[in-house]
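Trainee: To be precise about what I am sending: the file is called protein10.txt and holds compact mmCIF, C-alpha atoms.
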# COMPACT_ATOMS: atom_id res chain seq x y z
CA MET A 936 -123.67 106.18 -69.10
CA PHE A 937 -121.31 103.52 -70.36
CA LYS A 938 -118.77 106.21 -71.11
CA THR A 939 -119.03 107.55 -67.58
CA THR A 940 -118.47 104.08 -66.16
CA ILE A 941 -115.39 103.61 -68.30
CA PHE A 942 -114.13 106.98 -67.17
CA THR A 943 -114.74 106.18 -63.52
CA LEU A 944 -112.94 102.87 -63.84
CA ALA A 945 -110.09 104.57 -65.62
CA ILE A 946 -109.81 107.02 -62.74
CA MET A 947 -110.31 104.48 -59.97
CA ALA A 948 -108.12 101.68 -61.33
CA PRO A 949 -104.77 103.25 -60.39
CA LEU A 950 -106.19 104.20 -57.00
CA VAL A 951 -107.42 100.68 -56.30
CA SER A 952 -104.16 99.33 -57.53
CA ALA A 953 -102.31 101.77 -55.25
CA CYS A 954 -104.49 100.75 -52.34
CA GLY A 955 -103.83 97.03 -52.97
CA ALA A 956 -100.08 97.62 -53.14
CA SER A 957 -100.10 99.91 -50.12
CA TYR A 958 -98.91 98.49 -46.83
CA ALA A 959 -99.07 100.16 -43.42
CA PRO A 960 -95.73 101.64 -42.31
CA PRO A 961 -94.11 98.99 -40.04
CA THR A 962 -93.58 101.40 -37.14
CA GLN A 963 -94.03 98.71 -34.49
CA ARG A 964 -91.46 96.44 -36.17
CA LEU A 965 -89.10 99.39 -36.44
CA ALA A 966 -89.49 100.10 -32.73
CA ASP A 967 -88.93 96.40 -31.88
CA ALA A 968 -85.79 96.14 -34.00
CA GLN A 969 -84.36 99.38 -32.60
CA SER A 970 -85.14 98.29 -29.07
CA ALA A 971 -83.36 94.95 -29.57
CA GLU A 972 -80.40 96.74 -31.15
CA ARG A 973 -80.15 99.10 -28.14
CA SER A 974 -80.30 96.16 -25.71
CA ALA A 975 -77.47 94.46 -27.56
CA ALA A 976 -75.39 97.65 -27.37
CA GLU A 977 -76.09 97.95 -23.62
CA LEU A 978 -74.95 94.35 -23.11
CA GLY A 979 -71.60 95.24 -24.68
CA ALA A 980 -72.17 93.55 -28.05
CA ASN A 981 -69.78 96.04 -29.66
CA SER A 982 -66.83 94.58 -27.74
CA VAL A 983 -67.57 90.94 -28.67
CA PRO A 984 -66.42 90.14 -32.25
CA ASN A 985 -69.27 87.89 -33.44
CA ALA A 986 -71.89 90.02 -31.63
CA GLN A 987 -70.37 93.11 -33.20
CA LEU A 988 -70.96 91.63 -36.67
CA SER A 989 -74.59 90.80 -35.84
CA MET A 990 -75.05 94.33 -34.50
CA LYS A 991 -73.65 95.84 -37.67
CA LEU A 992 -76.02 93.77 -39.84
CA ALA A 993 -78.98 94.81 -37.67
CA GLN A 994 -78.03 98.49 -37.88
CA GLU A 995 -77.53 98.39 -41.65
CA GLN A 996 -80.89 96.72 -42.23
CA ILE A 997 -82.66 99.14 -39.89
CA ALA A 998 -81.16 102.00 -41.93
CA GLN A 999 -82.22 100.32 -45.19
CA ALA A 1000 -85.72 99.80 -43.80
CA GLN A 1001 -86.00 103.46 -42.81
CA LYS A 1002 -84.95 104.45 -46.32
CA ALA A 1003 -87.48 102.00 -47.84
CA MET A 1004 -90.23 103.49 -45.66
CA LYS A 1005 -89.31 106.93 -46.85
CA ASP A 1006 -89.50 105.63 -50.44
CA GLY A 1007 -92.94 104.17 -49.73
CA ASP A 1008 -91.81 100.53 -49.91
CA ASN A 1009 -93.27 99.48 -46.57
CA LEU A 1010 -93.37 95.78 -47.54
CA ARG A 1011 -89.61 95.69 -48.12
CA ALA A 1012 -89.08 97.74 -44.96
CA ASP A 1013 -91.10 95.20 -42.98
CA SER A 1014 -88.97 92.29 -44.23
CA LEU A 1015 -85.75 94.18 -43.52
CA LEU A 1016 -86.89 94.93 -40.00
CA ILE A 1017 -87.75 91.28 -39.33
CA ARG A 1018 -84.23 90.39 -40.47
CA ALA A 1019 -82.73 93.23 -38.41
CA LYS A 1020 -84.55 92.08 -35.28
CA ALA A 1021 -83.29 88.51 -35.77
CA ASP A 1022 -79.72 89.84 -36.03
CA ALA A 1023 -80.12 92.14 -33.00
CA GLU A 1024 -81.51 89.27 -30.91
CA LEU A 1025 -78.60 87.09 -31.97
CA ALA A 1026 -76.22 89.89 -30.94
CA ILE A 1027 -77.86 89.98 -27.49
CA ALA A 1028 -77.42 86.21 -27.09
CA GLN A 1029 -73.79 86.41 -28.25
CA ALA A 1030 -73.00 89.21 -25.79
CA ARG A 1031 -74.60 87.19 -22.97
CA GLU A 1032 -72.63 84.09 -23.99
CA LYS A 1033 -69.40 86.05 -23.68
CA GLY A 1034 -70.45 87.35 -20.26
CA ALA A 1035 -71.30 83.84 -19.05
CA LYS A 1036 -67.98 82.48 -20.29
CA ILE A 1037 -66.05 85.25 -18.51
CA GLU A 1038 -67.93 84.53 -15.27
CA GLY A 1039 -67.28 80.80 -15.69
CA GLU A 1040 -63.54 81.38 -16.16
CA LYS A 1041 -63.48 83.70 -13.16
CA ALA A 1042 -65.16 81.02 -11.04
CA VAL A 1043 -62.58 78.47 -12.16
CA ASP A 1044 -59.75 80.87 -11.27
CA ASP A 1045 -61.36 81.70 -7.91
CA SER A 1046 -61.74 78.01 -7.19
CA ALA A 1047 -58.08 77.34 -7.95
CA ALA A 1048 -57.05 80.27 -5.75
CA GLN A 1049 -59.27 79.01 -2.95
CA LYS A 1050 -57.81 75.52 -3.21
CA ALA A 1051 -54.29 76.97 -3.06
CA THR A 1052 -55.23 79.05 -0.02
CA ASN A 1053 -56.82 76.09 1.76
CA VAL A 1054 -53.80 73.90 1.10
CA GLY A 1055 -51.53 76.75 2.22
CA GLN A 1056 -53.43 77.00 5.50
CA GLY A 1057 -53.45 73.26 5.91
CA ALA A 1058 -57.24 73.28 5.95
CA THR A 1059 -57.43 70.45 3.42
CA LYS A 1060 -55.37 67.33 3.39
CA MET B 1208 -83.24 77.69 -94.28
CA ASN B 1209 -86.58 77.80 -92.64
CA THR B 1210 -85.84 74.59 -90.83
CA LEU B 1211 -82.52 75.94 -89.66
CA ARG B 1212 -84.22 79.06 -88.25
CA ASN B 1213 -86.78 76.95 -86.48
CA LEU B 1214 -84.03 74.82 -84.95
CA GLY B 1215 -82.27 77.95 -83.71
CA LEU B 1216 -85.47 79.18 -82.11
CA LEU B 1217 -85.99 75.81 -80.49
CA CYS B 1218 -82.46 75.88 -79.08
CA ALA B 1219 -82.94 79.34 -77.69
CA PHE B 1220 -86.24 78.35 -76.16
CA THR B 1221 -84.84 75.16 -74.62
CA THR B 1222 -81.87 76.98 -73.13
CA ALA B 1223 -84.12 79.66 -71.71
CA ALA B 1224 -86.45 77.03 -70.23
CA GLY B 1225 -83.46 75.20 -68.78
CA LEU B 1226 -82.20 78.36 -67.18
CA VAL B 1227 -85.57 79.12 -65.70
CA GLY B 1228 -85.83 75.52 -64.43
CA CYS B 1229 -82.37 75.78 -62.88
CA ALA B 1230 -83.19 79.10 -61.26
CA ALA B 1231 -86.30 77.61 -59.75
CA ASN B 1232 -84.53 74.55 -58.32
CA ILE B 1233 -81.31 75.99 -56.91
CA PRO B 1234 -81.92 77.07 -53.31
CA PRO B 1235 -80.68 80.54 -52.36
CA GLN B 1236 -77.55 80.84 -50.21
CA ASP B 1237 -79.64 82.00 -47.23
CA LEU B 1238 -81.66 78.78 -47.32
CA VAL B 1239 -78.51 76.66 -47.60
CA THR B 1240 -77.10 78.46 -44.56
CA ALA B 1241 -80.39 78.10 -42.68
CA ARG B 1242 -80.51 74.36 -43.35
CA SER B 1243 -76.92 73.82 -42.22
CA ASN B 1244 -77.34 76.02 -39.14
CA TYR B 1245 -80.47 74.14 -38.16
CA GLU B 1246 -78.77 70.79 -38.79
CA ARG B 1247 -75.93 71.78 -36.45
CA ALA B 1248 -78.22 73.17 -33.75
CA SER B 1249 -80.54 70.16 -33.75
CA LYS B 1250 -77.63 67.73 -33.43
CA GLY B 1251 -75.71 69.74 -30.86
CA PRO B 1252 -76.25 70.43 -27.16
CA ALA B 1253 -78.97 72.99 -27.98
CA GLN B 1254 -81.40 70.14 -28.72
CA GLU B 1255 -81.24 69.16 -25.06
CA LEU B 1256 -80.45 72.47 -23.36
CA ASP B 1257 -82.68 74.84 -25.35
CA PRO B 1258 -85.29 72.75 -27.23
CA ALA B 1259 -87.77 75.65 -27.43
CA ASP B 1260 -85.42 77.81 -29.51
CA VAL B 1261 -84.43 74.84 -31.69
CA HIS B 1262 -88.11 74.26 -32.31
CA ALA B 1263 -88.65 77.93 -33.20
CA ALA B 1264 -85.78 77.67 -35.69
CA ARG B 1265 -87.37 74.53 -37.16
CA GLU B 1266 -90.68 76.33 -37.64
CA GLN B 1267 -89.00 79.28 -39.30
CA LEU B 1268 -87.03 76.94 -41.56
CA ASP B 1269 -90.29 75.19 -42.51
CA VAL B 1270 -91.77 78.56 -43.51
CA ALA B 1271 -88.69 79.26 -45.66
CA GLU B 1272 -88.81 75.80 -47.25
CA ALA B 1273 -92.53 76.20 -47.99
CA ALA B 1274 -91.90 79.58 -49.62
CA PHE B 1275 -89.09 78.08 -51.69
CA ALA B 1276 -91.23 75.10 -52.74
CA LYS B 1277 -94.11 77.36 -53.72
CA ASP B 1278 -92.42 80.42 -55.20
CA GLY B 1279 -88.80 79.38 -55.71
CA ASP B 1280 -85.90 81.74 -55.04
CA THR B 1281 -87.76 84.96 -54.28
CA GLN B 1282 -86.79 87.82 -51.97
CA ALA B 1283 -89.48 86.63 -49.55
CA THR B 1284 -87.95 83.14 -49.51
CA ARG B 1285 -84.54 84.61 -48.85
CA ASP B 1286 -85.89 86.79 -46.04
CA GLN B 1287 -87.54 83.81 -44.33
CA ALA B 1288 -84.39 81.71 -44.75
CA TYR B 1289 -82.22 84.56 -43.41
CA VAL B 1290 -84.32 84.73 -40.25
CA ALA B 1291 -84.32 80.91 -39.93
CA ALA B 1292 -80.51 80.85 -40.09
CA ARG B 1293 -80.34 83.48 -37.32
CA LYS B 1294 -82.80 81.60 -35.14
CA ALA B 1295 -80.84 78.35 -35.41
CA GLU B 1296 -77.66 80.17 -34.50
CA PHE B 1297 -79.50 81.91 -31.66
CA ALA B 1298 -80.44 78.49 -30.22
CA GLU B 1299 -76.82 77.35 -30.37
CA VAL B 1300 -75.55 80.51 -28.68
CA ARG B 1301 -78.20 80.18 -25.95
CA ALA B 1302 -77.17 76.55 -25.39
CA ARG B 1303 -73.48 77.50 -25.03
CA THR B 1304 -74.47 80.26 -22.61
CA LEU B 1305 -76.43 77.78 -20.52
CA GLN B 1306 -73.46 75.41 -20.56
CA ALA B 1307 -71.16 78.18 -19.34
CA ASN B 1308 -73.65 79.04 -16.58
CA GLN B 1309 -73.87 75.40 -15.56
CA THR B 1310 -70.08 75.14 -15.42
CA LYS B 1311 -69.92 78.26 -13.30
CA ASP B 1312 -72.65 77.01 -10.95
CA ARG B 1313 -70.88 73.67 -10.59
CA VAL B 1314 -67.53 75.31 -9.83
CA VAL B 1315 -69.11 77.72 -7.35
CA ALA B 1316 -70.97 74.84 -5.67
CA GLY B 1317 -67.68 72.96 -5.49
CA MET B 1318 -66.04 76.00 -3.93
CA HIS B 1319 -68.77 76.26 -1.33
CA ALA B 1320 -68.45 72.55 -0.58
CA ASP B 1321 -64.68 72.95 -0.19
CA GLU B 1322 -65.24 75.93 2.05
CA ARG B 1323 -67.63 73.94 4.23
CA LYS B 1324 -65.17 71.05 4.32
CA ALA B 1325 -62.33 73.38 5.29
CA VAL B 1326 -64.45 74.94 8.01
CA ALA B 1327 -65.45 71.50 9.30
CA LEU B 1328 -61.82 70.38 9.29
CA THR B 1329 -60.70 73.54 11.08
CA SER B 1330 -63.48 73.07 13.63
CA ALA B 1331 -62.40 69.48 14.21
CA GLU B 1332 -58.80 70.59 14.69
CA LEU B 1333 -59.96 73.29 17.06
CA ALA B 1334 -61.95 70.75 19.07
CA GLN B 1335 -58.92 68.45 19.17
CA THR B 1336 -56.70 71.30 20.34
CA LYS B 1337 -59.26 72.20 22.99
CA GLY B 1338 -59.27 68.58 24.11
CA GLN B 1339 -55.48 68.56 24.31
CA LEU B 1340 -55.48 71.81 26.26
CA ALA B 1341 -58.04 70.37 28.67
CA THR B 1342 -55.89 67.27 29.15
CA GLN B 1343 -52.85 69.46 29.74
CA GLY B 1344 -54.90 71.45 32.21
CA VAL B 1345 -55.71 68.28 34.13
CA VAL B 1346 -52.03 67.29 34.13
CA LEU B 1347 -51.04 70.75 35.33
CA GLN B 1348 -53.64 70.59 38.09
CA ALA B 1349 -52.30 67.21 39.17
CA GLN B 1350 -48.76 68.63 39.15
CA ALA B 1351 -49.90 71.62 41.18
CA ALA B 1352 -51.57 69.28 43.65
CA THR B 1353 -48.38 67.20 43.89
CA LEU B 1354 -46.36 70.36 44.43
CA ALA B 1355 -48.76 71.51 47.14
CA THR B 1356 -48.51 68.11 48.86
CA GLU B 1357 -44.73 68.21 48.56
CA LYS B 1358 -44.63 71.72 50.00
CA GLN B 1359 -46.86 70.70 52.88
CA ARG B 1360 -44.71 67.66 53.54
CA ARG B 1361 -41.58 69.80 53.56
CA GLU B 1362 -43.17 72.34 55.86
CA GLU B 1363 -44.16 69.57 58.23
CA ALA B 1364 -40.65 68.13 58.12
CA GLU B 1365 -39.20 71.55 58.85
CA LYS B 1366 -41.62 71.93 61.70
CA ARG B 1367 -40.63 68.53 63.10
CA ALA B 1368 -36.95 69.43 62.76
CA ALA B 1369 -37.53 72.71 64.56
CA GLN B 1370 -39.46 70.84 67.24
CA ALA B 1371 -36.65 68.28 67.55
CA ALA B 1372 -34.08 71.06 67.83
CA ALA B 1373 -36.21 72.73 70.47
CA ASP B 1374 -36.52 69.42 72.38
CA LEU B 1375 -32.81 68.91 72.07
CA ALA B 1376 -32.12 72.36 73.44
CA LYS B 1377 -33.70 71.32 76.75
CA PHE B 1378 -30.79 69.08 77.70
CA ALA B 1379 -28.11 69.83 75.11
CA THR B 1380 -26.57 72.91 73.61
CA VAL B 1381 -26.61 73.24 69.84
CA LYS B 1382 -24.15 75.63 68.27
CA GLN B 1383 -23.10 76.40 64.70
CA GLU B 1384 -19.35 76.47 64.49
CA THR B 1385 -16.99 76.59 61.52
CA ARG B 1386 -16.54 72.80 61.71
CA GLY B 1387 -20.32 72.32 61.48
CA MET B 1388 -23.25 71.97 63.87
CA VAL B 1389 -22.07 70.93 67.33
CA ILE B 1390 -24.45 69.22 69.76
CA THR B 1391 -22.96 69.13 73.24
CA LEU B 1392 -24.30 66.69 75.83
CA SER B 1393 -23.24 66.85 79.44
CA GLY B 1394 -21.32 63.75 80.57
CA SER B 1395 -23.34 63.47 83.81
CA VAL B 1396 -26.53 63.14 81.82
CA LEU B 1397 -25.19 60.09 79.94
CA PHE B 1398 -22.79 58.23 82.15
CA ALA B 1399 -22.10 57.43 85.80
CA SER B 1400 -18.70 58.52 87.02
CA ALA B 1401 -15.82 56.58 85.48
CA LYS B 1402 -18.25 54.34 83.50
CA TRP B 1403 -19.12 54.09 79.88
CA ASP B 1404 -22.43 52.30 80.13
CA LEU B 1405 -25.31 54.55 79.15
CA LEU B 1406 -27.64 55.55 81.99
CA PRO B 1407 -31.28 54.53 81.41
CA ALA B 1408 -32.30 58.20 81.19
CA ALA B 1409 -29.51 58.76 78.68
CA GLN B 1410 -31.14 56.47 76.17
CA MET B 1411 -34.31 58.62 76.09
CA LYS B 1412 -32.20 61.68 75.47
CA LEU B 1413 -30.11 60.02 72.76
CA ASN B 1414 -33.36 58.90 71.12
CA GLU B 1415 -34.24 62.55 70.70
CA VAL B 1416 -30.75 63.34 69.48
CA ALA B 1417 -31.07 60.52 66.92
CA ALA B 1418 -34.47 61.83 65.86
CA ALA B 1419 -32.99 65.27 65.30
CA LEU B 1420 -29.97 63.88 63.46
CA THR B 1421 -32.07 61.77 61.09
CA LYS B 1422 -33.67 65.02 59.93
CA GLU B 1423 -30.31 66.45 58.90
CA ASP B 1424 -29.07 66.30 55.34
CA PRO B 1425 -28.62 62.55 54.67
CA THR B 1426 -25.25 63.19 53.01
CA SER B 1427 -23.76 64.91 56.04
CA LYS B 1428 -21.12 63.17 58.20
CA MET B 1429 -21.03 62.97 61.98
CA VAL B 1430 -18.28 62.54 64.50
CA VAL B 1431 -19.04 61.65 68.12
CA GLU B 1432 -16.29 63.13 70.32
CA GLY B 1433 -15.65 62.08 73.90
CA HIS B 1434 -14.08 64.59 76.29
CA THR B 1435 -13.04 64.33 79.98
CA ASP B 1436 -11.73 66.69 82.66
CA SER B 1437 -8.06 66.66 83.61
CA GLN B 1438 -8.38 64.68 86.81
CA GLY B 1439 -6.72 61.28 86.74
CA ALA B 1440 -4.25 59.79 84.32
CA ALA B 1441 -4.38 61.17 80.80
CA SER B 1442 -4.20 57.70 79.24
CA TYR B 1443 -7.11 56.54 81.39
CA ASN B 1444 -9.12 59.59 80.42
CA GLN B 1445 -8.24 59.08 76.78
CA ASP B 1446 -9.42 55.49 77.00
CA LEU B 1447 -12.61 56.48 78.84
CA SER B 1448 -13.46 59.21 76.36
CA GLN B 1449 -12.88 56.82 73.47
CA HIS B 1450 -15.17 54.20 74.97
CA ARG B 1451 -17.90 56.73 75.77
CA ALA B 1452 -17.79 58.19 72.26
CA GLN B 1453 -17.96 54.70 70.81
CA VAL B 1454 -20.96 53.74 72.96
CA VAL B 1455 -22.87 56.87 71.99
CA ARG B 1456 -21.98 56.33 68.36
CA ASP B 1457 -23.15 52.70 68.42
CA TYR B 1458 -26.38 53.65 70.14
CA LEU B 1459 -27.13 56.30 67.53
CA VAL B 1460 -26.57 53.69 64.80
CA THR B 1461 -29.20 51.49 66.45
CA ARG B 1462 -31.53 54.50 66.32
CA GLY B 1463 -31.31 54.79 62.59
CA ILE B 1464 -28.16 56.77 61.80
CA ALA B 1465 -26.35 55.05 58.91
CA SER B 1466 -23.17 53.49 60.28
CA ASP B 1467 -21.03 54.81 57.45
CA ARG B 1468 -22.04 58.38 58.30
CA ILE B 1469 -20.95 58.39 61.89
CA THR B 1470 -17.59 57.77 63.61
CA ALA B 1471 -16.36 58.03 67.20
CA GLN B 1472 -13.23 59.61 68.61
CA GLY B 1473 -11.92 60.10 72.17
CA PHE B 1474 -9.94 63.20 73.05
CA GLY B 1475 -9.45 62.70 76.80
CA PRO B 1476 -8.83 66.04 78.54
CA THR B 1477 -7.04 67.60 75.59
CA ARG B 1478 -9.88 69.87 74.45
CA SER B 1479 -11.12 71.61 77.56
CA ILE B 1480 -13.76 74.21 77.16
CA ALA B 1481 -13.70 75.34 80.83
CA ASP B 1482 -11.33 75.73 83.79
CA ASN B 1483 -10.48 72.35 85.33
CA ALA B 1484 -9.70 74.09 88.64
CA SER B 1485 -13.36 74.48 89.61
CA PRO B 1486 -15.98 71.74 90.00
CA GLU B 1487 -18.31 73.53 87.51
CA GLY B 1488 -15.51 73.91 85.02
CA ARG B 1489 -14.70 70.23 85.26
CA ALA B 1490 -18.39 69.30 84.92
CA ASN B 1491 -18.51 71.34 81.68
CA ASN B 1492 -15.41 69.65 80.37
CA ARG B 1493 -16.91 66.19 80.90
CA ARG B 1494 -19.02 65.99 77.80
CA VAL B 1495 -19.86 64.30 74.52
CA GLU B 1496 -19.99 66.41 71.38
CA ILE B 1497 -21.64 65.37 68.16
CA VAL B 1498 -20.26 67.34 65.20
CA VAL B 1499 -22.37 67.30 62.07
CA THR B 1500 -20.45 68.39 58.98
CA PRO B 1501 -22.08 68.86 55.62
CA ALA B 1502 -20.84 66.48 52.97
CA ALA B 1503 -17.65 67.77 51.40
CA THR B 1504 -18.62 69.74 48.35
CA PRO B 1505 -17.24 67.88 45.38
In structure tokens, write the structure found in this file.
Mentor:
Amino acid sequence: MFKTTIFTLAIMAPLVSACGASYAPPTQRLADAQSAERSAAELGANSVPNAQLSMKLAQEQIAQAQKAMKDGDNLRADSLLIRAKADAELAIAQAREKGAKIEGEKAVDDSAAQKATNVGQGATK
Amino acid sequence: MNTLRNLGLLCAFTTAAGLVGCAANIPPQDLVTARSNYERASKGPAQELDPADVHAAREQLDVAEAAFAKDGDTQATRDQAYVAARKAEFAEVRARTLQANQTKDRVVAGMHADERKAVALTSAELAQTKGQLATQGVVLQAQAATLATEKQRREEAEKRAAQAAADLAKFATVKQETRGMVITLSGSVLFASAKWDLLPAAQMKLNEVAAALTKEDPTSKMVVEGHTDSQGAASYNQDLSQHRAQVVRDYLVTRGIASDRITAQGFGPTRSIADNASPEGRANNRRVEIVVTPAATP
């Protein structure tokens, strides 16, 4: 009886240990990170230097996470994907910043042109 | 020997412990970056413009600091710090974006205000121009009215002149000759035989002549000519014709013809217009002519 118990424990121990170490594949986090990375790309992050760097970091970490998942290291994959999502979101913000600055400069130019036109037409004095 | 070995072991142990202690206390580069990023974000415009994202960065930094305090420099600590650094930077980028949007909105609002101002100014100028045009219209109307009055006045004057000429034609002949307009009055209408006093009826007729003459061009000159028939002495006739011309001339001056425009001259029988052999011819020769000549063209 005692022997059987020992045997069972010996068999079960690695399994329990494996179960404790096991971690569900972070598929939702992967989807979130990829979605953020795609949004950044659509916003033109690749043509804005600092956003391009953030994009690259996000992409590299997504790739590393996919490899880790394949290797069974879901915990590491999860952390990498959290990092990747933070980088992708930063890339989105950086692309938007560039867009806002371009629009702001355009407005300033338009305003100057309008002033010149008004003066030219004698509409302002 | 034994002591020396023990000392060596102690040294090795101490060094190892020191290294471990150092490793536990030195924050990872990710945490250093996260701290500095957060510091910058919380002291920059993001604190005011995007407080929610600054707060999120703070919370993430707190998680990283807690992990570092509890477990030291582990991969988990680094991961949390990495994300905290990104979140702080995210807040800064968002704040700069908001600033750019605000600038744009302000500029656009300014442009719209300028546009409205320009439109208002143009409208005001338009209204002013309309007002000026209206004033000009009034002036033009007044001028047109003046012109109409003037035209009417001239038409009436022409009508009066035509009427005067028609009246004149009842007892005098009016002819246009090369020397000017010639009004011929019969001597018997004006004077008794061999006299130069005007007959009472003559004055009425000369009044009409004067009325007609005053309607002529005020710069024209007039000569009153006295003519007789050939009966009697030439010198007597010359004298008579001179006196008669003078009397008519003087009377016309009293009726409003400017004295410097009119002169008198007697010609006696020298300028007959009919045969002195017949009584009718002689009657035609006895006459006074008023010659109106336009002012000499300069």
Trainee: Show me, as a VMD selection string, every residue of chain A with an atom at most 10 Å from chain B, counting only C-alpha atoms.
Mentor: chain A and resid 989 1011 1014 to 1015 1017 to 1047 1049 to 1050 1053 to 1054 1056 to 1060
Trainee: Using the selection just defined, write its residues with C-alpha atoms as a PDB file, keeping the file's coordinate frame.
Mentor:
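Writing the result to again.pdb gives the following:
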ATOM      1  CA  SER A 989     -74.590  90.800 -35.840  1.00  0.00           C
ATOM      2  CA  ARG A1011     -89.610  95.690 -48.120  1.00  0.00           C
ATOM      3  CA  SER A1014     -88.970  92.290 -44.230  1.00  0.00           C
ATOM      4  CA  LEU A1015     -85.750  94.180 -43.520  1.00  0.00           C
ATOM      5  CA  ILE A1017     -87.750  91.280 -39.330  1.00  0.00           C
ATOM      6  CA  ARG A1018     -84.230  90.390 -40.470  1.00  0.00           C
ATOM      7  CA  ALA A1019     -82.730  93.230 -38.410  1.00  0.00           C
ATOM      8  CA  LYS A1020     -84.550  92.080 -35.280  1.00  0.00           C
ATOM      9  CA  ALA A1021     -83.290  88.510 -35.770  1.00  0.00           C
ATOM     10  CA  ASP A1022     -79.720  89.840 -36.030  1.00  0.00           C
ATOM     11  CA  ALA A1023     -80.120  92.140 -33.000  1.00  0.00           C
ATOM     12  CA  GLU A1024     -81.510  89.270 -30.910  1.00  0.00           C
ATOM     13  CA  LEU A1025     -78.600  87.090 -31.970  1.00  0.00           C
ATOM     14  CA  ALA A1026     -76.220  89.890 -30.940  1.00  0.00           C
ATOM     15  CA  ILE A1027     -77.860  89.980 -27.490  1.00  0.00           C
ATOM     16  CA  ALA A1028     -77.420  86.210 -27.090  1.00  0.00           C
ATOM     17  CA  GLN A1029     -73.790  86.410 -28.250  1.00  0.00           C
ATOM     18  CA  ALA A1030     -73.000  89.210 -25.790  1.00  0.00           C
ATOM     19  CA  ARG A1031     -74.600  87.190 -22.970  1.00  0.00           C
ATOM     20  CA  GLU A1032     -72.630  84.090 -23.990  1.00  0.00           C
ATOM     21  CA  LYS A1033     -69.400  86.050 -23.680  1.00  0.00           C
ATOM     22  CA  GLY A1034     -70.450  87.350 -20.260  1.00  0.00           C
ATOM     23  CA  ALA A1035     -71.300  83.840 -19.050  1.00  0.00           C
ATOM     24  CA  LYS A1036     -67.980  82.480 -20.290  1.00  0.00           C
ATOM     25  CA  ILE A1037     -66.050  85.250 -18.510  1.00  0.00           C
ATOM     26  CA  GLU A1038     -67.930  84.530 -15.270  1.00  0.00           C
ATOM     27  CA  GLY A1039     -67.280  80.800 -15.690  1.00  0.00           C
ATOM     28  CA  GLU A1040     -63.540  81.380 -16.160  1.00  0.00           C
ATOM     29  CA  LYS A1041     -63.480  83.700 -13.160  1.00  0.00           C
ATOM     30  CA  ALA A1042     -65.160  81.020 -11.040  1.00  0.00           C
ATOM     31  CA  VAL A1043     -62.580  78.470 -12.160  1.00  0.00           C
ATOM     32  CA  ASP A1044     -59.750  80.870 -11.270  1.00  0.00           C
ATOM     33  CA  ASP A1045     -61.360  81.700  -7.910  1.00  0.00           C
ATOM     34  CA  SER A1046     -61.740  78.010  -7.190  1.00  0.00           C
ATOM     35  CA  ALA A1047     -58.080  77.340  -7.950  1.00  0.00           C
ATOM     36  CA  GLN A1049     -59.270  79.010  -2.950  1.00  0.00           C
ATOM     37  CA  LYS A1050     -57.810  75.520  -3.210  1.00  0.00           C
ATOM     38  CA  ASN A1053     -56.820  76.090   1.760  1.00  0.00           C
ATOM     39  CA  VAL A1054     -53.800  73.900   1.100  1.00  0.00           C
ATOM     40  CA  GLN A1056     -53.430  77.000   5.500  1.00  0.00           C
ATOM     41  CA  GLY A1057     -53.450  73.260   5.910  1.00  0.00           C
ATOM     42  CA  ALA A1058     -57.240  73.280   5.950  1.00  0.00           C
ATOM     43  CA  THR A1059     -57.430  70.450   3.420  1.00  0.00           C
ATOM     44  CA  LYS A1060     -55.370  67.330   3.390  1.00  0.00           C
TER      45      LYS A1060
END
Trainee: Report, in Å with one decimal, the straight-line distance from atom CA of B:Ala1331 to atom CA of B:Val1346.
Mentor: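 A separation of 22.6 Å between them.
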Trainee: Quick one: everything within 10 Å of A:Pro960, counting all atoms listed in the file, minus sequence neighbours fewer than 4 positions away in the same chain. Send it as number ranges by chain.
Mentor: A: 964-965, 1001, 1003-1005, 1007-1010, 1012-1013
Trainee: Rounded to one decimal in Å, what is the spacing between atom CA of B:His1434 and atom CA of B:Ser1448?
Mentor: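 So the answer is 5.4 Å.
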Trainee: Report the distance between atom CA of B:Ala1419 and atom CA of B:Arg1456 in Å, rounded to one decimal place.
Mentor: 14.5 Å
Trainee: At a cut-off of 8 Å, using all atoms listed in the file, what residues contact stretch 1364-1374 of chain B? Leave out same-chain residues fewer than 5 positions from it and give the result as a PyMOL selection string.
Mentor: chain B and resi 1415-1416+1418-1419+1422
Trainee: Between A:Thr962, A:Gln969, A:Ala980, A:Ala1048, which residue has the minimum interatomic distance to A:Ile997, considering all atoms listed in the file?
Mentor: A:Gln969
Trainee: Using all atoms listed in the file, give me every residue within 6 Å of (-12.8, 68.2, 82.8) in file coordinates, as a list of chain:residue names.
Mentor: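 In the file's frame, the residues around the point are B:Thr1435, B:Asp1436, B:Ser1437, B:Asn1483, B:Arg1489, B:Asn1492, B:Arg1493.
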Trainee: Compare B:Arg1242, B:Arg1468, B:Lys1277, B:Arg1478 by their minimum atom-to-atom distance to B:Val1430, counting all atoms listed in the file, and give me the closest one.
Mentor: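 Of all the options, B:Arg1468 lies closest to B:Val1430.
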